[in-house]
Amino acid sequence: MSGQSRSGQSRGVIERSLATFVDALQHTFHAEELAKKRGLLQRLDARVKIVAILPLIIIAALARQLTVICALFTFAVAIALLSRVPPSTLAKRVWLPVLAFTGLISLPAPFLTPGKAIYSLPLLGWTITAQGLRSAIYLIMRAETAATFSILVILCTPWTNVLKALRVLRFPTALVVIVGMTYRYIFLLLQTAHDMFQSRKSRMVGQLDGRELRRTATASAGVLMSKTLQLSEDVHLAMRSRGFRGEVYVLNEFQTGWFDWVMLPLFTGIAVLAFWFGR
Amino acid sequence: MGRNCDLLSMHIPDGYLSPSTCAVLYGAAMPFWYVAFARIKRLLHTRLVPLVAVFSAFCFVIMMFNVPLPGGTTGHALGVGAATVALGPWASMLSLSIALLIQAVFFGDGGITTLGANCFNMAIVGSLVAHLAYRAVAGRSTLASPRRAMAAALAGYAAINASALLAACELGIQPLFFKDAGGSPLYAPYPLHIAIPAMMIGHLTFAGLAELVVSGGVVAYLQRSNSSLLHSSSRETDDAVVQSTHRAGWGRTGPLWVRLALLMVLTPLGILAAGTAWGEWSGRDFSSPEMRQTIASASSNVAPPLRPPEGLERLSSIWSAPFPQYAPPFVRRPAFGYVMSAMFGSGIILGAFRLIGWMLAGGNGATKASP
């Protein structure tokens, strides 16, 4: 490896890590902005939202009819528009990444799945089968539909409400508290990791070879682990000093309104219809 | 889905597994979560909530680290090896499961219906495999021994590959069981013989290497800078490395040996299964009318070729297994042959890990028990 490429790699590795941290932070800030808008899903109680959307995700996975999966996808897009979630956000956050990932995975399926041949590629002679093509479309549409519904819940609900709504699904209280704390400390640790990499980047004037780069990356991970364990000790002491004795309580401040009670049967009705026609 | 799916390809998204597979894997994960939670709560009391919460956040962040690999490429690690070494398998499986839950729910990486499968593959099986491999290779070496860093690296590598193999099997069985009326696979479309190599090639090389580098590198760093941290965290979670090696006798490993023995005794259950495993046909099977019928019915009614494939015929004679069909020639009862094969296979695997441990101990001379 040449010196130039080494330098490029050393810059690239650190910058890529920094970009990943920043992207995660931006994703969250953007979600919080969308959650404050006045749209269809934003007006719904978080518990109603989860009870309404979760069956749609499961039915998208259960459906054996492509038309039903496509109808559910259209419904998800309609909800997004009514909730003032820009299609460009959905395209950037869900549709394109899912298409890139699932599309790449399902690309060989039309050629590898045995079945009725419908087309043969000129020059290469590879045969596309009807079953393989349907199988690829099943996979892509299911993944797109389920991911769209999931991201809509998150984009249109403040994360604290998502956590409280998890109680509706009978998640143990301690688990909900842990998930909530984890979510908060992710940002602290992301910021810490970001600062570590930023300071390393600002001090780098020479070139690092691959071995040194690996050492830097693993040492950063080790430092972060040390800080994490120290942080857990500090948090524990802070909790104890405030009277924590191992029991956790969650405040329940939700109130459902007429809008929730109109929308819940509507979503449930659509889920039942999709289940019936998708069998 | 989203940001990291291209990098963390083992996060199975929604739509790839049938709901029944998802339900089975949620069911399989539940007892582990329950036991892990109960054990950690008993050991840590009030420390449970902050430790698991903050360490889950660490697991989440560590998955975003770009790790430079030999050859100029980069990869991302799951951190399962480092987490297991630092906290022990039970706290590690809880922390990783919560990190995966947050990735799925808040960041869209990995599916919600497939969360049970992802947690089972990566958090549960990954942590257990990492723990067993680490203990087997690290043996009774001291905390500062290079053998421990090597053991952590191998543990990470073994864990990520075991998880990938499991994920590949889950994806590979989908087209066997779930097809629509026209014969199109409803979920992941590739059978086992495609899914397993496709998944394993990437994990045996890049993803495995990234995990190896992170697990070994983190432990090596902690040994240099703060080995008490390795010691204290392991002491408090009981399952971790140092205490395990102190009590590596029957008291600690007894239940594992009992479970292994039970599994060996249960291996003859395989005799109850009808037919043969798909794709595991011998050259002779192609000329037997009865077997030809079985092969065709198991392969979407596609008739097998009249003659065995040339390559299969040629290569099948290269190696003769000592226990063909899990039945040594001198054993008359097939059930006994299965048990013997299980003992033989398990013995080879355990022996291989012992050998690796012995070789590493010989290399650095640090085999004495820690004080």
# chains A, B, ... in the order shown; residues from 1 in each chain; ligands from 1
$ residues_around --residues "A:Gln191" --least-positions-apart "5" --cutoff "10 Å" --atoms "only C-alpha atoms" --output "list in words"
Leu18, Phe21, Val22, Leu25, Tyr185, Ile186, Met196 and Phe197 of chain A; Val61 of chain B
$ interface_residues --of "chain A" --to "chain B" --cutoff "6 Å" --atoms "only C-alpha atoms" --output "compact mmCIF listing (two decimals) with N, CA and C atoms, in the first residue's frame"
# COMPACT_ATOMS: atom_id res chain seq x y z
N VAL A 13 -11.02 6.25 7.44
CA VAL A 13 -11.57 5.46 8.55
C VAL A 13 -12.13 6.37 9.62
N SER A 17 -16.20 7.02 10.47
CA SER A 17 -16.77 6.82 11.81
C SER A 17 -17.47 8.09 12.26
N ALA A 61 -46.25 -9.13 6.73
CA ALA A 61 -45.38 -10.31 6.71
C ALA A 61 -46.17 -11.59 6.45
N ARG A 93 -34.71 7.70 3.90
CA ARG A 93 -34.52 6.90 5.11
C ARG A 93 -34.90 5.44 4.93
N VAL A 94 -35.89 5.16 4.07
CA VAL A 94 -36.40 3.78 3.99
C VAL A 94 -36.34 3.20 2.59
N PRO A 97 -32.68 2.81 0.79
CA PRO A 97 -31.81 1.82 1.45
C PRO A 97 -32.37 0.40 1.39
N GLN A 131 -41.74 -17.85 -11.04
CA GLN A 131 -41.73 -18.03 -9.58
C GLN A 131 -40.62 -17.20 -8.94
N SER A 135 -41.09 -14.14 -6.36
CA SER A 135 -40.42 -14.27 -5.07
C SER A 135 -39.62 -13.01 -4.74
N LEU A 139 -40.36 -10.29 -1.66
CA LEU A 139 -39.36 -9.91 -0.65
C LEU A 139 -39.22 -8.39 -0.58
N ARG A 142 -42.57 -6.69 0.74
CA ARG A 142 -42.77 -6.94 2.18
C ARG A 142 -41.82 -6.07 3.01
N ALA A 143 -40.56 -6.08 2.61
CA ALA A 143 -39.55 -5.32 3.36
C ALA A 143 -39.87 -3.82 3.32
N ILE A 178 -34.85 0.52 31.30
CA ILE A 178 -33.51 0.28 30.74
C ILE A 178 -33.43 0.79 29.31
N MET A 181 -33.22 4.54 29.34
CA MET A 181 -31.89 5.02 29.74
C MET A 181 -30.87 4.76 28.65
N THR A 182 -30.97 3.58 28.04
CA THR A 182 -30.04 3.24 26.96
C THR A 182 -30.12 4.28 25.86
N TYR A 185 -28.38 7.42 26.90
CA TYR A 185 -26.92 7.33 26.99
C TYR A 185 -26.26 7.06 25.64
N ILE A 186 -27.05 6.57 24.67
CA ILE A 186 -26.50 6.42 23.32
C ILE A 186 -25.98 7.77 22.83
N ARG A 214 -5.62 0.18 13.11
CA ARG A 214 -6.39 -0.83 13.86
C ARG A 214 -6.19 -0.62 15.36
N THR A 218 -9.20 0.11 17.94
CA THR A 218 -9.52 -0.78 19.07
C THR A 218 -9.23 -0.09 20.40
N ALA A 219 -8.18 0.77 20.44
CA ALA A 219 -7.92 1.50 21.68
C ALA A 219 -9.07 2.46 21.97
N GLY A 222 -11.73 0.47 23.41
CA GLY A 222 -11.37 0.12 24.79
C GLY A 222 -11.58 1.29 25.74
N SER A 232 -21.48 3.84 34.23
CA SER A 232 -22.55 3.04 34.86
C SER A 232 -22.42 3.10 36.38
N HIS A 236 -25.19 4.74 38.74
CA HIS A 236 -25.73 3.92 39.83
C HIS A 236 -25.69 4.68 41.15
N GLY A 246 -34.01 -0.35 43.50
CA GLY A 246 -34.20 -1.49 42.60
C GLY A 246 -35.59 -1.57 42.01
$ closest_residue --among "B:Leu78, B:Leu166, B:Cys22, B:Met93" --to "B:Leu209" --atoms "only C-alpha atoms"
B:Leu78
$ closest_residue --among "A:Val162, A:Tyr119, A:Phe259, A:Arg184" --to "A:Ser150" --atoms "only C-alpha atoms"
A:Val162
$ closest_residue --among "A:Ile128, A:Leu121, A:Met204, A:Leu229" --to "A:Thr216" --atoms "only C-alpha atoms"
A:Met204
$ closest_residue --among "A:Ile79, A:Val235, A:Val223, A:Leu190" --to "A:Leu152" --atoms "only C-alpha atoms"
A:Ile79
$ atom_distance --atom1 "atom CA of A:Gln65" --atom2 "atom CA of A:Gly278"
5.1 Å
$ select_by_dssp --residues "stretch 19-252 of chain B" --states "alpha helix (DSSP H)" --output "PDB file with C-alpha atoms, in the first residue's frame"
ATOM      1  CA  PRO B  19     -44.262 -15.088  10.932  1.00  0.00           C
ATOM      2  CA  SER B  20     -44.170 -18.684  12.239  1.00  0.00           C
ATOM      3  CA  THR B  21     -40.352 -18.720  12.115  1.00  0.00           C
ATOM      4  CA  CYS B  22     -40.319 -15.342  13.855  1.00  0.00           C
ATOM      5  CA  ALA B  23     -42.690 -16.652  16.549  1.00  0.00           C
ATOM      6  CA  VAL B  24     -40.540 -19.753  17.117  1.00  0.00           C
ATOM      7  CA  LEU B  25     -37.409 -17.634  17.488  1.00  0.00           C
ATOM      8  CA  TYR B  26     -39.115 -15.166  19.843  1.00  0.00           C
ATOM      9  CA  GLY B  27     -40.135 -18.256  21.835  1.00  0.00           C
ATOM     10  CA  ALA B  28     -36.587 -19.624  21.754  1.00  0.00           C
ATOM     11  CA  ALA B  29     -35.154 -16.304  22.954  1.00  0.00           C
ATOM     12  CA  MET B  30     -37.637 -15.804  25.822  1.00  0.00           C
ATOM     13  CA  PRO B  31     -36.185 -18.361  28.274  1.00  0.00           C
ATOM     14  CA  PHE B  32     -32.684 -16.980  27.736  1.00  0.00           C
ATOM     15  CA  TRP B  33     -33.846 -13.408  28.361  1.00  0.00           C
ATOM     16  CA  TYR B  34     -35.712 -14.544  31.455  1.00  0.00           C
ATOM     17  CA  VAL B  35     -32.767 -16.488  32.887  1.00  0.00           C
ATOM     18  CA  ALA B  36     -30.296 -13.722  31.994  1.00  0.00           C
ATOM     19  CA  PHE B  37     -32.473 -11.074  33.627  1.00  0.00           C
ATOM     20  CA  ALA B  38     -33.026 -13.157  36.769  1.00  0.00           C
ATOM     21  CA  ARG B  39     -29.329 -14.043  37.113  1.00  0.00           C
ATOM     22  CA  ILE B  40     -28.057 -10.540  36.563  1.00  0.00           C
ATOM     23  CA  LYS B  41     -30.676  -9.052  38.886  1.00  0.00           C
ATOM     24  CA  ARG B  42     -29.683 -11.513  41.618  1.00  0.00           C
ATOM     25  CA  LEU B  43     -26.006 -10.637  41.221  1.00  0.00           C
ATOM     26  CA  LEU B  44     -26.176  -6.923  40.624  1.00  0.00           C
ATOM     27  CA  LEU B  48     -28.624  -3.943  37.056  1.00  0.00           C
ATOM     28  CA  VAL B  49     -30.512  -1.025  35.514  1.00  0.00           C
ATOM     29  CA  PRO B  50     -27.619   1.450  35.063  1.00  0.00           C
ATOM     30  CA  LEU B  51     -25.054  -1.182  34.042  1.00  0.00           C
ATOM     31  CA  VAL B  52     -27.215  -2.877  31.413  1.00  0.00           C
ATOM     32  CA  ALA B  53     -28.581   0.460  30.159  1.00  0.00           C
ATOM     33  CA  VAL B  54     -25.214   2.156  29.738  1.00  0.00           C
ATOM     34  CA  PHE B  55     -23.526  -0.961  28.379  1.00  0.00           C
ATOM     35  CA  SER B  56     -26.343  -1.415  25.831  1.00  0.00           C
ATOM     36  CA  ALA B  57     -25.643   2.131  24.689  1.00  0.00           C
ATOM     37  CA  PHE B  58     -21.963   1.176  24.383  1.00  0.00           C
ATOM     38  CA  CYS B  59     -22.869  -1.905  22.275  1.00  0.00           C
ATOM     39  CA  PHE B  60     -24.951   0.336  20.017  1.00  0.00           C
ATOM     40  CA  VAL B  61     -22.139   2.844  19.525  1.00  0.00           C
ATOM     41  CA  ILE B  62     -19.416   0.231  19.053  1.00  0.00           C
ATOM     42  CA  VAL B  80     -20.151  -9.509  21.010  1.00  0.00           C
ATOM     43  CA  GLY B  81     -16.697 -10.842  21.894  1.00  0.00           C
ATOM     44  CA  ALA B  82     -15.670  -7.707  23.826  1.00  0.00           C
ATOM     45  CA  ALA B  83     -19.038  -7.488  25.605  1.00  0.00           C
ATOM     46  CA  THR B  84     -18.944 -11.144  26.646  1.00  0.00           C
ATOM     47  CA  VAL B  85     -15.392 -10.914  27.960  1.00  0.00           C
ATOM     48  CA  ALA B  86     -16.144  -7.744  29.930  1.00  0.00           C
ATOM     49  CA  LEU B  87     -19.536  -8.661  31.358  1.00  0.00           C
ATOM     50  CA  PRO B  89     -22.523 -14.076  28.642  1.00  0.00           C
ATOM     51  CA  TRP B  90     -25.742 -13.251  30.500  1.00  0.00           C
ATOM     52  CA  ALA B  91     -25.227  -9.509  30.853  1.00  0.00           C
ATOM     53  CA  SER B  92     -23.799  -9.449  27.334  1.00  0.00           C
ATOM     54  CA  MET B  93     -26.877 -11.114  25.825  1.00  0.00           C
ATOM     55  CA  LEU B  94     -29.155  -8.637  27.630  1.00  0.00           C
ATOM     56  CA  SER B  95     -27.124  -5.601  26.585  1.00  0.00           C
ATOM     57  CA  LEU B  96     -26.841  -6.706  22.964  1.00  0.00           C
ATOM     58  CA  SER B  97     -30.558  -7.553  22.825  1.00  0.00           C
ATOM     59  CA  ILE B  98     -31.458  -4.064  24.037  1.00  0.00           C
ATOM     60  CA  ALA B  99     -29.023  -2.488  21.572  1.00  0.00           C
ATOM     61  CA  LEU B 100     -30.679  -4.529  18.790  1.00  0.00           C
ATOM     62  CA  LEU B 101     -34.151  -3.514  20.035  1.00  0.00           C
ATOM     63  CA  ILE B 102     -33.211   0.164  19.865  1.00  0.00           C
ATOM     64  CA  GLN B 103     -31.655  -0.290  16.451  1.00  0.00           C
ATOM     65  CA  ALA B 104     -34.862  -1.923  15.189  1.00  0.00           C
ATOM     66  CA  VAL B 105     -37.392   0.345  16.887  1.00  0.00           C
ATOM     67  CA  PHE B 106     -35.717   3.749  16.747  1.00  0.00           C
ATOM     68  CA  LEU B 115     -36.200  -8.959  16.305  1.00  0.00           C
ATOM     69  CA  GLY B 116     -36.485 -12.280  18.162  1.00  0.00           C
ATOM     70  CA  ALA B 117     -34.462 -13.988  15.436  1.00  0.00           C
ATOM     71  CA  ASN B 118     -31.811 -11.265  15.407  1.00  0.00           C
ATOM     72  CA  GLY B 126     -23.248 -15.091  19.902  1.00  0.00           C
ATOM     73  CA  SER B 127     -22.660 -14.443  23.611  1.00  0.00           C
ATOM     74  CA  LEU B 128     -22.786 -18.126  24.544  1.00  0.00           C
ATOM     75  CA  VAL B 129     -20.422 -19.178  21.766  1.00  0.00           C
ATOM     76  CA  ALA B 130     -18.057 -16.321  22.601  1.00  0.00           C
ATOM     77  CA  HIS B 131     -18.095 -17.310  26.271  1.00  0.00           C
ATOM     78  CA  LEU B 132     -17.407 -20.995  25.601  1.00  0.00           C
ATOM     79  CA  ALA B 133     -14.694 -20.282  23.041  1.00  0.00           C
ATOM     80  CA  TYR B 134     -13.048 -17.708  25.315  1.00  0.00           C
ATOM     81  CA  ARG B 135     -13.017 -20.058  28.281  1.00  0.00           C
ATOM     82  CA  ALA B 136     -11.702 -22.936  26.217  1.00  0.00           C
ATOM     83  CA  VAL B 137      -8.844 -20.951  24.716  1.00  0.00           C
ATOM     84  CA  ALA B 138      -7.976 -18.673  27.656  1.00  0.00           C
ATOM     85  CA  PRO B 146      -1.481 -12.305  25.646  1.00  0.00           C
ATOM     86  CA  ARG B 147      -3.296 -15.605  25.441  1.00  0.00           C
ATOM     87  CA  ARG B 148      -6.402 -13.841  26.776  1.00  0.00           C
ATOM     88  CA  ALA B 149      -6.359 -11.254  23.997  1.00  0.00           C
ATOM     89  CA  MET B 150      -5.954 -14.087  21.501  1.00  0.00           C
ATOM     90  CA  ALA B 151      -8.799 -15.973  23.183  1.00  0.00           C
ATOM     91  CA  ALA B 152     -11.046 -12.891  22.988  1.00  0.00           C
ATOM     92  CA  ALA B 153     -10.215 -12.458  19.293  1.00  0.00           C
ATOM     93  CA  LEU B 154     -11.047 -16.108  18.545  1.00  0.00           C
ATOM     94  CA  ALA B 155     -14.191 -15.864  20.685  1.00  0.00           C
ATOM     95  CA  GLY B 156     -15.420 -12.876  18.653  1.00  0.00           C
ATOM     96  CA  TYR B 157     -14.626 -14.656  15.396  1.00  0.00           C
ATOM     97  CA  ALA B 158     -16.362 -17.883  16.472  1.00  0.00           C
ATOM     98  CA  ALA B 159     -19.393 -15.987  17.805  1.00  0.00           C
ATOM     99  CA  ILE B 160     -19.993 -13.911  14.685  1.00  0.00           C
ATOM    100  CA  ASN B 161     -19.685 -16.975  12.460  1.00  0.00           C
ATOM    101  CA  ALA B 162     -21.993 -19.083  14.626  1.00  0.00           C
ATOM    102  CA  SER B 163     -24.548 -16.263  14.484  1.00  0.00           C
ATOM    103  CA  ALA B 164     -24.169 -15.949  10.719  1.00  0.00           C
ATOM    104  CA  LEU B 165     -24.577 -19.706  10.248  1.00  0.00           C
ATOM    105  CA  LEU B 166     -27.748 -19.674  12.303  1.00  0.00           C
ATOM    106  CA  ALA B 167     -29.135 -16.704  10.360  1.00  0.00           C
ATOM    107  CA  ALA B 168     -28.268 -18.459   7.083  1.00  0.00           C
ATOM    108  CA  CYS B 169     -30.099 -21.610   8.222  1.00  0.00           C
ATOM    109  CA  GLU B 170     -33.169 -19.585   9.203  1.00  0.00           C
ATOM    110  CA  LEU B 171     -33.173 -17.837   5.821  1.00  0.00           C
ATOM    111  CA  GLY B 172     -32.372 -21.061   3.963  1.00  0.00           C
ATOM    112  CA  GLN B 174     -37.875 -20.406   4.212  1.00  0.00           C
ATOM    113  CA  PRO B 175     -38.247 -21.599   0.583  1.00  0.00           C
ATOM    114  CA  LEU B 176     -38.595 -25.203   1.764  1.00  0.00           C
ATOM    115  CA  PHE B 177     -41.674 -24.479   3.852  1.00  0.00           C
ATOM    116  CA  LEU B 192     -29.795 -23.692   2.327  1.00  0.00           C
ATOM    117  CA  HIS B 193     -27.209 -24.667  -0.280  1.00  0.00           C
ATOM    118  CA  ILE B 194     -27.160 -21.050  -1.527  1.00  0.00           C
ATOM    119  CA  ALA B 195     -27.933 -19.161   1.704  1.00  0.00           C
ATOM    120  CA  ILE B 196     -25.210 -20.774   3.801  1.00  0.00           C
ATOM    121  CA  PRO B 197     -22.225 -20.183   1.477  1.00  0.00           C
ATOM    122  CA  ALA B 198     -23.497 -16.691   0.566  1.00  0.00           C
ATOM    123  CA  MET B 199     -23.696 -15.695   4.216  1.00  0.00           C
ATOM    124  CA  MET B 200     -20.615 -17.515   5.448  1.00  0.00           C
ATOM    125  CA  ILE B 201     -18.155 -16.267   2.827  1.00  0.00           C
ATOM    126  CA  GLY B 202     -18.608 -12.687   4.021  1.00  0.00           C
ATOM    127  CA  GLY B 208     -15.341 -12.198  11.141  1.00  0.00           C
ATOM    128  CA  LEU B 209     -12.065 -10.362  10.811  1.00  0.00           C
ATOM    129  CA  ALA B 210     -13.606  -7.099  12.054  1.00  0.00           C
ATOM    130  CA  GLU B 211     -15.010  -8.897  15.088  1.00  0.00           C
ATOM    131  CA  LEU B 212     -11.667 -10.618  15.668  1.00  0.00           C
ATOM    132  CA  VAL B 213      -9.802  -7.283  15.541  1.00  0.00           C
ATOM    133  CA  VAL B 214     -12.236  -5.467  17.866  1.00  0.00           C
ATOM    134  CA  SER B 215     -12.573  -8.269  20.449  1.00  0.00           C
ATOM    135  CA  GLY B 216      -8.861  -8.995  20.621  1.00  0.00           C
ATOM    136  CA  GLY B 217      -7.873  -5.316  20.385  1.00  0.00           C
ATOM    137  CA  VAL B 218     -10.218  -4.129  23.141  1.00  0.00           C
ATOM    138  CA  VAL B 219      -9.075  -6.840  25.557  1.00  0.00           C
ATOM    139  CA  ALA B 220      -5.417  -6.179  24.701  1.00  0.00           C
ATOM    140  CA  TYR B 221      -5.974  -2.464  25.325  1.00  0.00           C
ATOM    141  CA  LEU B 222      -7.697  -3.073  28.654  1.00  0.00           C
ATOM    142  CA  GLN B 223      -4.882  -5.415  29.687  1.00  0.00           C
ATOM    143  CA  ARG B 224      -2.369  -2.638  29.007  1.00  0.00           C
ATOM    144  CA  SER B 225      -4.278   0.264  30.436  1.00  0.00           C
ATOM    145  CA  SER B 227      -6.753  -4.660  33.650  1.00  0.00           C
ATOM    146  CA  SER B 228      -8.515  -4.157  36.986  1.00  0.00           C
ATOM    147  CA  LEU B 229     -11.538  -3.182  34.961  1.00  0.00           C
ATOM    148  CA  LEU B 230     -11.581  -6.578  33.296  1.00  0.00           C
ATOM    149  CA  HIS B 231     -11.195  -8.170  36.690  1.00  0.00           C
ATOM    150  CA  SER B 232     -13.799  -6.115  38.520  1.00  0.00           C
ATOM    151  CA  SER B 233     -16.448  -6.355  35.871  1.00  0.00           C
ATOM    152  CA  SER B 234     -15.956 -10.075  35.582  1.00  0.00           C
ATOM    153  CA  ARG B 235     -16.039 -10.588  39.343  1.00  0.00           C
ATOM    154  CA  GLU B 236     -19.273  -8.734  39.748  1.00  0.00           C
ATOM    155  CA  VAL B 241     -13.774 -14.788  32.651  1.00  0.00           C
ATOM    156  CA  VAL B 242     -11.607 -14.683  35.687  1.00  0.00           C
ATOM    157  CA  GLN B 243     -13.924 -16.345  38.129  1.00  0.00           C
ATOM    158  CA  SER B 244     -14.891 -18.894  35.553  1.00  0.00           C
ATOM    159  CA  THR B 245     -11.315 -19.906  35.139  1.00  0.00           C
ATOM    160  CA  HIS B 246     -10.773 -19.979  38.883  1.00  0.00           C
ATOM    161  CA  TRP B 250     -16.911 -29.583  37.707  1.00  0.00           C
ATOM    162  CA  GLY B 251     -18.754 -27.011  39.838  1.00  0.00           C
ATOM    163  CA  ARG B 252     -18.762 -24.445  37.008  1.00  0.00           C
TER     164      ARG B 252
END
$ select_by_dssp --residues "stretch 29-262 of chain A" --states "strand (DSSP E)" --output "list in words"
Ala117, Ile118, Tyr119, Ser120, Thr127, Ile128 and Thr129 of chain A
$ write_last_selection --atoms "N, CA and C atoms" --output "PDB file, in the first residue's frame"
ATOM      1  N   ALA A 117     -40.106 -20.908 -17.057  1.00  0.00           N
ATOM      2  CA  ALA A 117     -39.256 -19.878 -17.675  1.00  0.00           C
ATOM      3  C   ALA A 117     -40.120 -18.875 -18.418  1.00  0.00           C
ATOM      4  N   ILE A 118     -39.876 -17.573 -18.193  1.00  0.00           N
ATOM      5  CA  ILE A 118     -40.663 -16.555 -18.919  1.00  0.00           C
ATOM      6  C   ILE A 118     -39.802 -15.705 -19.847  1.00  0.00           C
ATOM      7  N   TYR A 119     -38.494 -15.686 -19.600  1.00  0.00           N
ATOM      8  CA  TYR A 119     -37.641 -14.861 -20.448  1.00  0.00           C
ATOM      9  C   TYR A 119     -36.200 -15.370 -20.346  1.00  0.00           C
ATOM     10  N   SER A 120     -35.508 -15.290 -21.433  1.00  0.00           N
ATOM     11  CA  SER A 120     -34.103 -15.688 -21.416  1.00  0.00           C
ATOM     12  C   SER A 120     -33.250 -14.486 -21.814  1.00  0.00           C
ATOM     13  N   THR A 127     -32.010 -17.763 -17.618  1.00  0.00           N
ATOM     14  CA  THR A 127     -33.470 -17.826 -17.714  1.00  0.00           C
ATOM     15  C   THR A 127     -34.116 -17.226 -16.477  1.00  0.00           C
ATOM     16  N   ILE A 128     -35.086 -16.343 -16.728  1.00  0.00           N
ATOM     17  CA  ILE A 128     -35.861 -15.765 -15.617  1.00  0.00           C
ATOM     18  C   ILE A 128     -37.121 -16.609 -15.459  1.00  0.00           C
ATOM     19  N   THR A 129     -37.390 -17.032 -14.217  1.00  0.00           N
ATOM     20  CA  THR A 129     -38.597 -17.834 -13.992  1.00  0.00           C
ATOM     21  C   THR A 129     -39.673 -16.966 -13.354  1.00  0.00           C
TER      22      THR A 129
END
$ atom_distance --atom1 "atom CA of A:Ala130" --atom2 "atom CA of A:Phe101"
21.9 Å
$ atom_distance --atom1 "atom CA of B:Met63" --atom2 "atom CA of A:Ala24"
11.9 Å
$ residues_around --residues "A:Leu266" --least-positions-apart "5" --cutoff "9 Å" --atoms "only C-alpha atoms" --output "list in words"
Ala52, Trp261 and Ala271 of chain A
$ write_last_selection --atoms "N, CA and C atoms" --output "compact mmCIF listing (two decimals), in the first residue's frame"
# COMPACT_ATOMS: atom_id res chain seq x y z
N ALA A 52 -52.42 0.10 16.59
CA ALA A 52 -52.97 0.18 15.24
C ALA A 52 -51.96 -0.24 14.18
N TRP A 261 -60.38 7.13 19.22
CA TRP A 261 -61.42 6.10 19.16
C TRP A 261 -62.07 6.00 17.78
N ALA A 271 -56.69 -3.62 8.86
CA ALA A 271 -55.84 -4.78 9.17
C ALA A 271 -56.63 -6.08 8.98
